[in-house]
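Participant: Contents of start.cif (mmCIF, C-alpha atoms) are below:
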data_coords
loop_
_atom_site.label_atom_id
_atom_site.label_comp_id
_atom_site.auth_asym_id
_atom_site.auth_seq_id
_atom_site.Cartn_x
_atom_site.Cartn_y
_atom_site.Cartn_z
CA MET Y 207 0.00 0.00 0.00
CA ILE Y 208 1.30 3.46 -0.92
CA ILE Y 209 -0.12 6.54 0.81
CA ASP Y 210 0.58 9.89 -0.87
CA MET Y 211 0.94 12.96 1.33
CA PRO Y 212 1.60 16.01 -0.86
CA ASP Y 213 2.71 19.33 0.65
CA THR Y 214 3.03 17.95 4.17
CA THR Y 215 5.40 17.90 7.16
CA THR Y 216 7.41 15.12 8.74
CA ASN Y 217 5.41 15.53 11.95
CA ALA Y 218 2.26 14.78 9.96
CA VAL Y 219 3.99 11.78 8.38
CA GLY Y 220 5.00 10.51 11.82
CA LYS Y 221 1.42 10.82 13.08
CA ARG Y 222 0.13 8.94 10.01
CA LEU Y 223 2.63 6.14 10.66
CA ALA Y 224 1.45 5.92 14.27
CA HIS Y 225 -2.17 5.80 13.09
CA LEU Y 226 -1.35 3.00 10.64
CA ARG Y 227 0.37 1.10 13.43
CA ASP Y 228 -2.68 1.44 15.67
CA GLU Y 229 -4.98 0.33 12.85
CA GLY Y 230 -2.92 -2.58 11.60
CA GLY Y 231 -1.26 -3.80 14.77
CA ALA Y 232 2.31 -3.44 15.97
CA VAL Y 233 3.90 -3.29 12.55
CA ALA Y 234 6.92 -1.42 13.88
CA LEU Y 235 7.82 -3.96 16.53
CA GLY Y 236 10.98 -5.86 15.72
CA ARG Y 237 12.50 -3.05 13.64
CA VAL Y 238 16.19 -3.18 14.47
CA LEU Y 239 17.33 0.11 12.95
CA THR Y 240 16.43 3.18 10.94
CA LEU Y 241 17.99 3.21 7.48
CA VAL Y 242 18.16 6.74 6.08
CA VAL Y 243 18.82 6.82 2.33
CA VAL Y 244 20.02 10.07 0.76
CA ALA Y 245 19.14 9.59 -2.91
CA GLN Y 246 18.84 11.44 -6.15
CA GLU Y 247 15.43 11.45 -7.82
CA THR Y 248 16.57 8.92 -10.42
CA ASP Y 249 17.86 6.57 -7.69
CA ILE Y 250 14.77 6.43 -5.51
CA GLU Y 251 13.06 3.30 -6.85
CA GLU Y 252 16.25 1.23 -7.04
CA ALA Y 253 17.23 2.38 -3.55
CA VAL Y 254 13.81 1.46 -2.15
CA ARG Y 255 13.89 -1.92 -3.87
CA THR Y 256 17.38 -2.64 -2.52
CA ALA Y 257 16.45 -1.52 0.99
CA ASN Y 258 13.30 -3.67 0.88
CA GLU Y 259 15.36 -6.73 -0.07
CA ALA Y 260 17.83 -5.99 2.73
CA SER Y 261 14.97 -5.53 5.20
CA HIS Y 262 14.06 -9.22 5.00
CA GLU Y 263 17.29 -9.91 6.92
CA HIS Y 264 17.37 -6.60 8.79
CA PRO Y 265 13.82 -5.37 9.54
CA CYS Y 266 13.98 -1.60 9.64
CA ARG Y 267 12.26 1.68 8.94
CA VAL Y 268 13.54 3.12 5.67
CA VAL Y 269 13.49 6.89 5.22
CA VAL Y 270 14.45 8.05 1.73
CA VAL Y 271 15.31 11.72 1.25
CA ALA Y 272 15.57 13.31 -2.20
CA ALA Y 273 15.42 16.79 -3.66
CA LEU Y 274 12.16 17.82 -5.27
CA GLY Y 275 12.30 18.53 -8.99
CA GLU Y 276 11.81 21.99 -10.47
CA HIS Y 277 10.19 24.08 -7.74
CA ASP Y 278 10.17 27.87 -7.53
CA GLY Y 279 7.48 28.36 -4.89
CA PRO Y 280 7.65 28.34 -1.09
CA PRO Y 281 9.37 25.42 0.71
CA ARG Y 282 7.50 22.20 0.06
CA LEU Y 283 7.67 18.60 1.19
CA ASP Y 284 5.91 15.72 -0.58
CA ALA Y 285 5.85 12.33 1.13
CA GLU Y 286 4.91 8.73 0.45
CA ILE Y 287 4.36 6.05 3.03
CA ARG Y 288 4.79 2.50 1.77
CA VAL Y 289 3.74 -0.47 3.90
CA GLY Y 290 2.79 -4.06 3.30
CA GLY Y 291 3.81 -5.56 -0.03
CA ASP Y 292 5.33 -2.25 -1.16
CA ALA Y 293 7.75 -2.16 1.76
CA GLY Y 294 9.19 -5.65 2.15
CA ALA Y 295 9.83 -6.30 5.85
CA SER Y 296 10.11 -2.59 6.54
CA GLU Y 297 8.18 0.65 6.60
CA VAL Y 298 9.27 3.00 3.86
CA VAL Y 299 8.88 6.76 3.90
CA VAL Y 300 9.92 8.68 0.79
CA LEU Y 301 10.47 12.40 1.31
CA ARG Y 302 10.86 14.74 -1.66
CA GLY Y 303 11.71 18.22 -0.50
CA SER Y 304 12.52 21.55 -2.08
CA ALA Y 305 16.06 22.86 -1.69
CA PRO Y 306 15.51 24.71 1.62
CA MET Y 307 14.02 21.54 3.12
CA VAL Y 308 16.70 19.04 2.06
CA ALA Y 309 19.43 21.45 3.12
CA HIS Y 310 18.59 20.42 6.69
CA THR Y 311 18.17 16.68 6.33
CA ASP Y 312 18.88 15.96 9.98
CA THR Y 313 15.98 18.14 11.14
CA LEU Y 314 13.80 16.76 8.35
CA VAL Y 315 14.16 13.10 9.29
CA MET Y 316 14.37 13.44 13.08
CA PRO Y 317 10.62 12.96 13.72
CA LEU Y 318 10.72 9.72 11.72
CA LEU Y 319 13.61 7.98 13.50
CA LEU Y 320 12.73 4.89 15.52
CA PRO Y 321 13.26 5.57 19.23
CA ASP Y 322 16.28 3.88 20.83
CA ALA Y 323 17.27 2.21 17.56
CA PRO Y 324 20.59 2.58 15.70
CA ILE Y 325 20.72 4.88 12.70
CA VAL Y 326 22.44 3.90 9.44
CA VAL Y 327 22.85 6.39 6.60
CA TRP Y 328 23.38 5.18 3.04
CA TRP Y 329 24.28 7.34 0.05
CA PRO Y 330 23.56 5.19 -3.07
CA SER Y 331 25.28 7.69 -5.37
CA GLY Y 332 28.76 8.39 -4.09
CA GLY Y 333 28.29 10.38 -0.91
CA PRO Y 334 29.90 13.32 0.87
CA ASP Y 335 33.67 13.74 1.04
CA ASP Y 336 33.46 13.55 4.83
CA PRO Y 337 30.49 11.36 5.83
CA SER Y 338 31.01 11.84 9.58
CA ALA Y 339 30.77 15.63 9.17
CA ASP Y 340 27.50 15.44 7.22
CA PRO Y 341 24.45 16.48 9.31
CA LEU Y 342 22.97 12.99 8.97
CA GLY Y 343 26.35 11.33 9.37
CA LYS Y 344 26.79 12.95 12.77
CA MET Y 345 23.60 11.21 13.94
CA ALA Y 346 24.45 7.77 12.58
CA GLN Y 347 26.30 4.79 14.00
CA ARG Y 348 27.16 3.62 10.49
CA ARG Y 349 27.71 5.65 7.31
CA ILE Y 350 27.66 3.74 4.02
CA THR Y 351 28.98 5.27 0.81
CA ASP Y 352 29.43 3.69 -2.63
CA THR Y 353 32.46 5.04 -4.44
CA THR Y 354 31.74 2.89 -7.50
CA THR Y 355 28.88 5.27 -8.35
CA SER Y 356 30.95 8.43 -7.94
CA PRO Y 357 31.91 10.44 -11.05
CA GLU Y 358 35.57 9.90 -10.07
CA PRO Y 359 35.57 6.69 -8.01
CA VAL Y 360 39.28 6.31 -7.26
CA ALA Y 361 39.76 9.98 -6.40
CA THR Y 362 36.72 9.80 -4.11
CA LEU Y 363 38.11 6.73 -2.36
CA HIS Y 364 41.39 8.54 -1.63
CA THR Y 365 39.44 11.52 -0.31
CA LEU Y 366 37.50 9.24 2.03
CA ALA Y 367 40.82 7.89 3.29
CA THR Y 368 41.76 11.36 4.51
CA THR Y 369 38.43 11.95 6.29
CA PHE Y 370 37.80 8.45 7.64
CA LYS Y 371 36.15 8.09 11.04
CA PRO Y 372 35.10 4.86 12.79
CA GLY Y 373 31.64 3.94 11.51
CA ASP Y 374 32.42 4.82 7.88
CA THR Y 375 32.33 2.09 5.25
CA ASP Y 376 31.94 1.70 1.50
CA LEU Y 377 30.04 -0.88 -0.54
CA ALA Y 378 33.15 -1.42 -2.68
CA TRP Y 379 34.64 -3.08 0.43
CA ALA Y 380 31.67 -5.43 0.87
CA ARG Y 381 32.03 -6.48 -2.77
CA VAL Y 382 35.48 -8.03 -2.11
CA THR Y 383 34.47 -10.23 0.84
CA LEU Y 384 34.17 -13.42 -1.23
CA TRP Y 385 37.48 -12.68 -2.96
CA ARG Y 386 39.14 -12.29 0.43
CA GLY Y 387 37.82 -15.65 1.56
CA LEU Y 388 39.02 -17.47 -1.57
CA ILE Y 389 42.46 -15.87 -1.44
CA ALA Y 390 42.91 -16.64 2.25
CA ALA Y 391 41.97 -20.30 1.66
CA ALA Y 392 44.45 -20.58 -1.25
CA VAL Y 393 47.35 -18.97 0.64
CA GLU Y 394 46.85 -21.12 3.71
CA GLN Y 395 47.53 -24.36 1.81
CA PRO Y 396 51.00 -25.96 1.42
CA PRO Y 397 53.60 -25.04 0.48
CA PHE Y 398 53.47 -22.38 3.17
CA GLU Y 399 55.56 -19.81 1.38
CA PRO Y 400 55.40 -16.05 1.76
CA VAL Y 401 53.76 -14.06 -1.01
CA THR Y 402 56.33 -11.73 -2.53
CA ALA Y 403 54.07 -9.61 -4.76
CA VAL Y 404 50.39 -9.12 -5.57
CA ARG Y 405 48.65 -7.95 -8.74
CA VAL Y 406 44.92 -7.21 -8.97
CA GLU Y 407 43.48 -6.66 -12.44
CA GLY Y 408 40.10 -5.40 -13.54
CA GLN Y 409 37.77 -2.62 -14.56
CA ASP Y 410 39.21 0.86 -14.83
CA GLN Y 411 38.11 3.08 -11.89
CA HIS Y 412 36.42 0.22 -10.00
CA THR Y 413 37.40 0.87 -6.39
CA SER Y 414 37.04 -2.75 -5.25
CA LEU Y 415 40.37 -3.38 -7.02
CA ASP Y 416 42.07 -0.75 -4.88
CA LEU Y 417 40.61 -2.02 -1.62
CA LEU Y 418 41.44 -5.66 -2.37
CA ALA Y 419 45.01 -4.79 -3.38
CA ALA Y 420 45.39 -2.58 -0.30
CA TRP Y 421 44.15 -5.41 1.95
CA LEU Y 422 46.53 -7.92 0.36
CA GLY Y 423 49.53 -5.61 0.55
CA GLN Y 424 48.73 -4.78 4.17
CA ARG Y 425 48.16 -8.36 5.30
CA LEU Y 426 50.90 -10.06 3.28
CA ARG Y 427 53.42 -7.22 3.74
CA CYS Y 428 54.37 -7.21 0.08
CA PRO Y 429 54.17 -4.85 -2.93
CA ALA Y 430 50.65 -4.63 -4.40
CA VAL Y 431 49.81 -3.47 -7.92
CA VAL Y 432 46.43 -2.54 -9.37
CA ALA Y 433 46.30 -3.11 -13.15
CA ARG Y 434 43.39 -1.31 -14.79
CA THR Y 435 41.81 -2.06 -18.13
CA ASP Y 436 38.80 -0.99 -20.17
CA GLY Y 437 35.96 -3.24 -21.27
CA THR Y 438 35.93 -5.52 -18.20
CA ASP Y 439 33.67 -5.97 -15.19
CA ALA Y 440 34.95 -5.39 -11.66
CA ILE Y 441 37.83 -7.67 -10.59
CA THR Y 442 38.94 -10.08 -13.32
CA ARG Y 443 42.25 -11.52 -12.09
CA VAL Y 444 44.38 -11.76 -8.95
CA VAL Y 445 47.96 -13.04 -9.01
CA LEU Y 446 49.96 -13.81 -5.88
CA GLU Y 447 53.65 -14.47 -6.55
CA ARG Y 448 55.50 -17.10 -4.50
CA LYS Y 449 58.84 -18.83 -4.86
CA SER Y 450 57.30 -22.10 -6.11
CA GLY Y 451 55.06 -20.31 -8.60
CA PRO Y 452 52.07 -17.98 -8.61
CA ILE Y 453 48.59 -18.50 -7.26
CA VAL Y 454 46.23 -17.20 -9.95
CA LEU Y 455 42.53 -16.49 -9.52
CA ASP Y 456 41.07 -15.73 -12.96
CA ARG Y 457 37.49 -14.49 -13.52
CA PRO Y 458 37.26 -13.14 -17.07
CA ASP Y 459 33.49 -13.62 -17.43
CA ALA Y 460 32.38 -12.04 -14.10
CA ARG Y 461 30.72 -15.35 -13.16
CA VAL Y 462 33.21 -18.18 -12.58
CA VAL Y 463 36.69 -17.98 -11.07
CA THR Y 464 39.42 -20.46 -11.98
CA ILE Y 465 42.08 -21.03 -9.31
CA THR Y 466 45.47 -22.40 -10.35
CA GLN Y 467 48.60 -22.96 -8.29
CA PRO Y 468 51.68 -25.19 -8.72
CA GLY Y 469 51.24 -28.84 -7.80
CA LYS Y 470 47.47 -28.68 -7.41
CA PRO Y 471 44.59 -29.42 -9.80
CA GLU Y 472 42.78 -26.49 -11.34
CA ARG Y 473 39.61 -25.51 -9.49
CA ARG Y 474 36.56 -23.64 -10.77
CA MET Y 475 34.04 -21.94 -8.51
CA ALA Y 476 31.00 -19.73 -9.01
CA LEU Y 477 31.86 -16.15 -8.12
CA PRO Y 478 29.36 -13.76 -9.72
CA ILE Y 479 29.65 -10.03 -9.16
CA ARG Y 480 27.81 -9.22 -5.95
CA ALA Y 481 24.46 -7.53 -6.38
CA LEU Y 482 23.80 -4.21 -4.70
CA ASN Y 483 21.38 -5.72 -2.18
CA GLU Y 484 23.94 -8.37 -1.18
CA ALA Y 485 26.55 -5.71 -0.45
CA LEU Y 486 24.07 -3.63 1.57
CA ILE Y 487 22.88 -6.67 3.54
CA GLU Y 488 26.46 -7.43 4.51
CA GLU Y 489 27.12 -3.90 5.72
CA LEU Y 490 23.92 -3.88 7.80
CA ARG Y 491 25.02 -7.04 9.64
CA ARG Y 492 27.34 -5.01 11.83
CA LEU Y 493 26.65 -1.73 13.57
CA ASP Y 494 30.04 -1.47 15.26
CA PRO Y 495 32.99 0.19 13.46
CA ASP Y 496 34.74 -1.93 10.82
CA GLU Y 497 38.31 -1.60 12.05
CA LEU Y 498 39.78 -3.67 9.22
CA TYR Y 499 38.21 -1.43 6.58
CA GLY Y 500 39.60 1.61 8.36
CA GLU Y 501 43.09 0.11 8.45
CA VAL Y 502 42.98 -0.85 4.77
CA LEU Y 503 41.63 2.54 3.73
CA THR Y 504 43.98 4.73 5.77
CA LYS Y 505 47.18 2.64 5.71
CA GLY Y 506 47.00 0.08 2.92
CA LEU Y 507 45.65 2.27 0.13
CA GLU Y 508 48.69 4.55 0.04
CA ARG Y 509 51.01 1.57 -0.51
CA ILE Y 510 49.54 0.26 -3.78
CA THR Y 511 50.87 1.06 -7.27
CA THR Y 512 48.57 1.59 -10.25
CA VAL Y 513 49.40 0.61 -13.84
CA ARG Y 514 47.55 -0.25 -17.05
CA ALA Y 515 46.78 -3.96 -17.46
CA ASP Y 516 48.99 -4.27 -20.53
CA ALA Y 517 52.00 -2.94 -18.59
#
With the file now loaded, output its structure as C-alpha cells.
Facilitator:
Amino acid sequence: MIIDMPDTTTNAVGKRLAHLRDEGGAVALGRVLTLVVVAQETDIEEAVRTANEASHEHPCRVVVVAALGEHDGPPRLDAEIRVGGDAGASEVVVLRGSAPMVAHTDTLVMPLLLPDAPIVVWWPSGGPDDPSADPLGKMAQRRITDTTTSPEPVATLHTLATTFKPGDTDLAWARVTLWRGLIAAAVEQPPFEPVTAVRVEGQDQHTSLDLLAAWLGQRLRCPAVVARTDGTDAITRVVLERKSGPIVLDRPDARVVTITQPGKPERRMALPIRALNEALIEELRRLDPDELYGEVLTKGLERITTVRADA
C-alpha cells in the first residue's frame, strides 16, 4: 500500500505512521534500525527496492530523502508512506523536499527515527567527502557510501581515506568479501611460502580493485599493484607471486573464477559479481565500526601502485 501525502510535514507523516500502526497492529515492533537513504530522484526506486530486499534480513524503517524537482514556490515537502507488499519487511517513507528543506536533512528526518534504535545512513550515489561531518552522518552509527557510483571513483576513495572516522564504510569493500575468503583459503595451503608480490586486475576506476590490493599488501606485507583495463567488469584476475610459482585467480566472465597454483589441480568456482542488495545486507550485519576497513583505507591504500593492465 502506498499513501501519498503532498505538501506535508514530517510531523504529519509521523502521526500517520502511528495511526497505521494502531490500525494494523504493531507493525513497527521488531524493527532493528532506521535506514536513512540520501538519494537522487533517479535513484529512488532502485534504492527502495534494494532496501526492501535488505529488510528481510534486517527489519527496519527506511526513510528516503531526495530533492524535489523543479520548484520555484515556497518550501514544500511531498511524502509517500509505503507499507505491506510495497515495503518488504520494513516501513518506507519517501520524502521529496525543495532545496531549503533538504538542506537540513537531519531536522527533516528526526521525527521519523525509531526511538532507541541505531541509525544507518546510506548514500547510493557516491556520498559526501566527509560522511562523519554530514548532518545525517553525525547522527548515525554507520555511514555507508558507494564510491563505484561516484563520477571519479578512485579519487573519491582517496578523499574518504583522509576523512575516515570509525563507523564509515563503503560498498566497494563489501564487494570483495568473497574474494578475500578465496584468497585466504588458497594462501593457507601448502607449500606455506610467503607471497612476494600481488597484482589485482580489472575494470578501470572500480574501487574494489584498490581495496582488495590494499588489503593484500597490508596483510601479506608485500608490494601490491592494481592493473586497470577498459571493457571488463569489476575484478577479473588476482595473481599472488610465490617462490614455487604464482597462485592465480582468474574471472574473465564475471561469473566463474578459476584457481590455479603449482602442484594442485585447477579448481573452478561460481563467483558472480555481488548484487547491490547483497553488499548492503552485509554492511547492515554489523553496527560497530569496521576496524579492518579503516586500516585498509587509511594505511594500505597509500602503498599500492597503479598501472595499465597491458604494462
Participant: Point out the residue among Y:Ala305, Y:Ala285, Y:Leu226, Y:Cys266 with the least atom-to-atom distance to Pro321 of chain Y, counting all atoms listed in the file.
Facilitator: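 Checking each candidate against Pro321 of chain Y, we get Y:Cys266 as the closest.
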Participant: Name the residues in contact with Arg514 of chain Y at a cut-off of 10 Å, using all atoms listed in the file, excluding same-chain residues fewer than 5 positions from it; report them as a ChimeraX atom specification.
Facilitator: /Y:407-408,410,431-436
Participant: Extract, using only C-alpha atoms, all DNA, RNA and protein residues at most 10 Å from Ala476 of chain Y, discarding same-chain residues fewer than 5 positions from it, and format them as a list in words.
Facilitator: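 Residues meeting the cut-off are Arg457, Ala460, Arg461, Val462, Val463 and Thr464 of chain Y.
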Participant: Rank nothing, just name the residue among Y:Arg427, Y:Arg381, Y:Lys449, Y:His310 nearest to Leu482 of chain Y, using only C-alpha atoms.
Facilitator: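 For Leu482 of chain Y, the nearest of the candidates is Y:Arg381.
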Participant: What's around Ala440 of chain Y at 8 Å? Count only C-alpha atoms, leave out sequence neighbours fewer than 5 positions away in its own chain, and write the answer as a list in words.
Facilitator: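 Once the nearby chain positions are removed, what remains is Gly408, Gln409, His412, Ser414, Leu415, Ala460 and Ile479 of chain Y.
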Participant: Evaluate the PyMOL selection byres ((chain Y and resi 323) around 7) against this structure - the residues, as an MDAnalysis selection string, please.
Facilitator: chainID Y and resid 238:240 320:322 324:325
Participant: Keeping C-alpha atoms for every residue in the selection just given, could you write it to a file as a PDB file, in the frame of the given file?
Facilitator:
ATOM      1  CA  VAL Y 238      16.190  -3.180  14.470  1.00  0.00           C
ATOM      2  CA  LEU Y 239      17.330   0.110  12.950  1.00  0.00           C
ATOM      3  CA  THR Y 240      16.430   3.180  10.940  1.00  0.00           C
ATOM      4  CA  LEU Y 320      12.730   4.890  15.520  1.00  0.00           C
ATOM      5  CA  PRO Y 321      13.260   5.570  19.230  1.00  0.00           C
ATOM      6  CA  ASP Y 322      16.280   3.880  20.830  1.00  0.00           C
ATOM      7  CA  PRO Y 324      20.590   2.580  15.700  1.00  0.00           C
ATOM      8  CA  ILE Y 325      20.720   4.880  12.700  1.00  0.00           C
TER       9      ILE Y 325
END
Participant: At most 12 Å is the cut-off: for each residue in segment 476-495 of chain Y with any atom that close to an atom of segment 329-338 of chain Y, write down the nearest atom pair and the distance in Å rounded to one decimal, counting all atoms listed in the file, chain first then increasing number, as CSV.
Facilitator:
residue,atom,partner,partner_atom,distance
Y:Leu482,CA,Y:Pro330,CA,9.5
Y:Asn483,CA,Y:Pro330,CA,11.2
Y:Ala485,CA,Y:Pro330,CA,11.6
Y:Leu486,CA,Y:Pro330,CA,10.0
Participant: Considering all atoms listed in the file, return as an NGL selection string whatever protein or nucleic-acid residues lie within 8 Å of Asp374 of chain Y, sequence-local ones (same chain, fewer than 4 positions apart) excluded.
Facilitator: :Y and (337-338 or 348-351 or 370 or 495-496 or 500)
Participant: Output C-alpha atoms for every residue in that selection, as an mmCIF file, in the frame of the given file.
Facilitator:
data_model
loop_
_atom_site.group_PDB
_atom_site.id
_atom_site.type_symbol
_atom_site.label_atom_id
_atom_site.label_comp_id
_atom_site.auth_asym_id
_atom_site.auth_seq_id
_atom_site.Cartn_x
_atom_site.Cartn_y
_atom_site.Cartn_z
ATOM 1 C CA PRO Y 337 30.490 11.360 5.830
ATOM 2 C CA SER Y 338 31.010 11.840 9.580
ATOM 3 C CA ARG Y 348 27.160 3.620 10.490
ATOM 4 C CA ARG Y 349 27.710 5.650 7.310
ATOM 5 C CA ILE Y 350 27.660 3.740 4.020
ATOM 6 C CA THR Y 351 28.980 5.270 0.810
ATOM 7 C CA PHE Y 370 37.800 8.450 7.640
ATOM 8 C CA PRO Y 495 32.990 0.190 13.460
ATOM 9 C CA ASP Y 496 34.740 -1.930 10.820
ATOM 10 C CA GLY Y 500 39.600 1.610 8.360
#
Participant: Running the PyMOL selection byres ((chain Y and resi 249) around 12) on this model by hand, what would come out? Give it as a PyMOL selection string.
Facilitator: chain Y and resi 243-248+250-257+270-273+300+329-332+355
Participant: Residues picked by the PyMOL selection byres ((chain Y and resi 367) around 10) here, as a VMD selection string?
Facilitator: chain Y and resid 335 to 336 361 to 366 368 to 371 500 to 508
Participant: Between atom CA of Arg405 of chain Y and atom CA of Glu358 of chain Y, what distance in Å does the model show, to one decimal?
Facilitator: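 Between atom CA of Arg405 of chain Y and atom CA of Glu358 of chain Y the gap is 22.2 Å.
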Participant: Choose the residue, out of Y:Leu388, Y:Phe398, Y:Arg443, Y:Gly220, that has the smallest atom-to-atom separation from Val315 of chain Y; count all atoms listed in the file.
Facilitator: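 Between Y:Leu388, Y:Phe398, Y:Arg443, Y:Gly220, the residue approaching Val315 of chain Y most closely is Y:Gly220.
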